[in-house]
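To start, the structure itself, in structure tokens.
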Amino acid sequence: MFWCTVNFAAADIETPHDASSSKFSVAIVRPPEHRLTIEVLEKDTKTPIADAQIRLGAYGAATDPSGRAEVALPNGSYELTVWKVGYDTPGLTVDIHEDVSVQVEAVIVPPENPDAAWLM
């Protein structure tokens with residue numbers, strides 16, 4: 001991550017302005033070398049899960065209607081995180097040194113009962 005600051009000194013402008021500055025960041029990553037294919041399925045029924053969010057550090061994707069996503073990555077080790085409301089998935093470390101495919105099984109998490117504290 002590379003952080004930059006831009007300063008605006010309004011001294012040379014005819015119209016009165018206040019000076020200002022802004023800070024922003026830029027993620028700099030190596031170029032991709034391999035492709036990771038992720039398939040996300042519901043554990044018990046093996047039903048594909050669409051629109052699951054995939055994260056591997058600075059890289060990300062979302063699954064398509066068939067529960068699949070592809071991410072181009074450079075060589076390295078990555079923590080694969082899959083997230084979708086209503087599901088729980090295990091964390092997974094993926095080592096990328098060639099094109100790789102992984103399958104992630106998501107468990108349905110029942111919705112919490114908002115009245116649970118009142119039920120005894």
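Each chain in the structure tokens gets a letter, A, B, ..., in the order shown, and its residues are numbered from 1; ligands are numbered from 1 in order too.
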
Val85 (chain A) environment, 12 Å, only C-alpha atoms, sequence neighbours closer than 6 positions dropped, as a ChimeraX atom specification: /A:49-53,106-111

Shell of 9 Å around region 6-9 of chain A, only C-alpha atoms, local chain residues under 2 positions omitted, as a count of residues only: 11

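The shell of residues at most 6 Å from region 26-33 of chain A, with only C-alpha atoms counted and near chain neighbours (fewer than 4 positions) removed, consists of Met1, Phe2, Ala72, Leu73 and Pro74 of chain A.
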
Just N, CA and C atoms for this one: save the residues we selected as a PDB file, in the first residue's frame.
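After the write, again27.pdb holds the following:
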ATOM      1  N   MET A   1       0.855  -1.173   0.000  1.00  0.00           N
ATOM      2  CA  MET A   1       0.000   0.000   0.000  1.00  0.00           C
ATOM      3  C   MET A   1       0.894   1.226   0.000  1.00  0.00           C
ATOM      4  N   PHE A   2       0.622   2.134  -0.877  1.00  0.00           N
ATOM      5  CA  PHE A   2       1.406   3.357  -1.002  1.00  0.00           C
ATOM      6  C   PHE A   2       0.487   4.542  -0.726  1.00  0.00           C
ATOM      7  N   ALA A  72      -7.109 -13.928 -11.067  1.00  0.00           N
ATOM      8  CA  ALA A  72      -5.740 -14.019 -11.565  1.00  0.00           C
ATOM      9  C   ALA A  72      -4.815 -13.491 -10.471  1.00  0.00           C
ATOM     10  N   LEU A  73      -3.778 -14.299 -10.132  1.00  0.00           N
ATOM     11  CA  LEU A  73      -2.893 -13.993  -9.005  1.00  0.00           C
ATOM     12  C   LEU A  73      -1.430 -14.240  -9.355  1.00  0.00           C
ATOM     13  N   PRO A  74      -0.522 -13.501  -8.715  1.00  0.00           N
ATOM     14  CA  PRO A  74       0.896 -13.855  -8.811  1.00  0.00           C
ATOM     15  C   PRO A  74       1.205 -15.015  -7.860  1.00  0.00           C
TER      16      PRO A  74
END

If we count only C-alpha atoms and set the cut-off at 7 Å, which residues sit around Ser66 (chain A), ignoring sequence neighbours fewer than 2 positions away in its own chain? Please answer as a PDB file with C-alpha atoms, in the first residue's frame.
ATOM      1  CA  PRO A  48     -24.057 -23.509  -6.171  1.00  0.00           C
ATOM      2  CA  ALA A  50     -24.193 -17.120  -6.448  1.00  0.00           C
ATOM      3  CA  ASP A  64     -21.519 -16.255 -10.796  1.00  0.00           C
ATOM      4  CA  ARG A  68     -17.833 -20.102  -9.640  1.00  0.00           C
TER       5      ARG A  68
END

Every residue of region 34-68 of chain A that DSSP places in strand (DSSP E or B), as number ranges by chain: A: 34-42, 48, 53-56, 59-62, 68

9 Å contact set for Glu39 (chain A), only C-alpha atoms, chain neighbours under 2 positions out, as a VMD selection string: chain A and resid 37 41 48 to 49 63 66 to 70 101 to 105

Any chance you can output those residues with N, CA and C atoms as a tab-separated table (two decimals), in the first residue's frame?
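Okay, result_13.tsv is ready:
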chain	number	residue	atom	x	y	z
A	37	THR	N	-9.44	-20.83	-9.60
A	37	THR	CA	-10.88	-21.01	-9.81
A	37	THR	C	-11.47	-21.48	-8.50
A	41	LEU	N	-20.21	-24.04	-2.90
A	41	LEU	CA	-21.41	-24.87	-2.87
A	41	LEU	C	-21.97	-24.94	-1.47
A	48	PRO	N	-24.97	-24.64	-5.98
A	48	PRO	CA	-24.06	-23.51	-6.17
A	48	PRO	C	-24.59	-22.26	-5.47
A	49	ILE	N	-23.68	-21.47	-4.94
A	49	ILE	CA	-24.05	-20.22	-4.25
A	49	ILE	C	-23.56	-19.05	-5.09
A	63	THR	N	-18.90	-14.81	-6.98
A	63	THR	CA	-19.30	-16.00	-7.72
A	63	THR	C	-20.44	-15.68	-8.68
A	66	SER	N	-23.41	-20.03	-11.30
A	66	SER	CA	-23.00	-21.43	-11.14
A	66	SER	C	-22.10	-21.62	-9.91
A	67	GLY	N	-21.96	-20.56	-9.09
A	67	GLY	CA	-21.16	-20.65	-7.87
A	67	GLY	C	-19.67	-20.57	-8.10
A	68	ARG	N	-19.25	-20.13	-9.30
A	68	ARG	CA	-17.83	-20.10	-9.64
A	68	ARG	C	-17.31	-18.67	-9.78
A	69	ALA	N	-16.03	-18.52	-9.44
A	69	ALA	CA	-15.33	-17.26	-9.64
A	69	ALA	C	-13.89	-17.58	-10.02
A	70	GLU	N	-13.29	-16.69	-10.78
A	70	GLU	CA	-11.88	-16.84	-11.15
A	70	GLU	C	-11.14	-15.58	-10.76
A	101	SER	N	-7.64	-25.01	-8.74
A	101	SER	CA	-9.08	-24.97	-8.50
A	101	SER	C	-9.34	-25.43	-7.07
A	102	VAL	N	-10.24	-24.74	-6.38
A	102	VAL	CA	-10.64	-25.15	-5.03
A	102	VAL	C	-12.16	-25.12	-4.93
A	103	GLN	N	-12.67	-25.97	-4.05
A	103	GLN	CA	-14.10	-26.01	-3.77
A	103	GLN	C	-14.29	-25.64	-2.31
A	104	VAL	N	-15.21	-24.72	-2.05
A	104	VAL	CA	-15.52	-24.28	-0.70
A	104	VAL	C	-16.95	-24.68	-0.39
A	105	GLU	N	-17.14	-25.36	0.74
A	105	GLU	CA	-18.48	-25.77	1.16
A	105	GLU	C	-18.98	-24.81	2.23
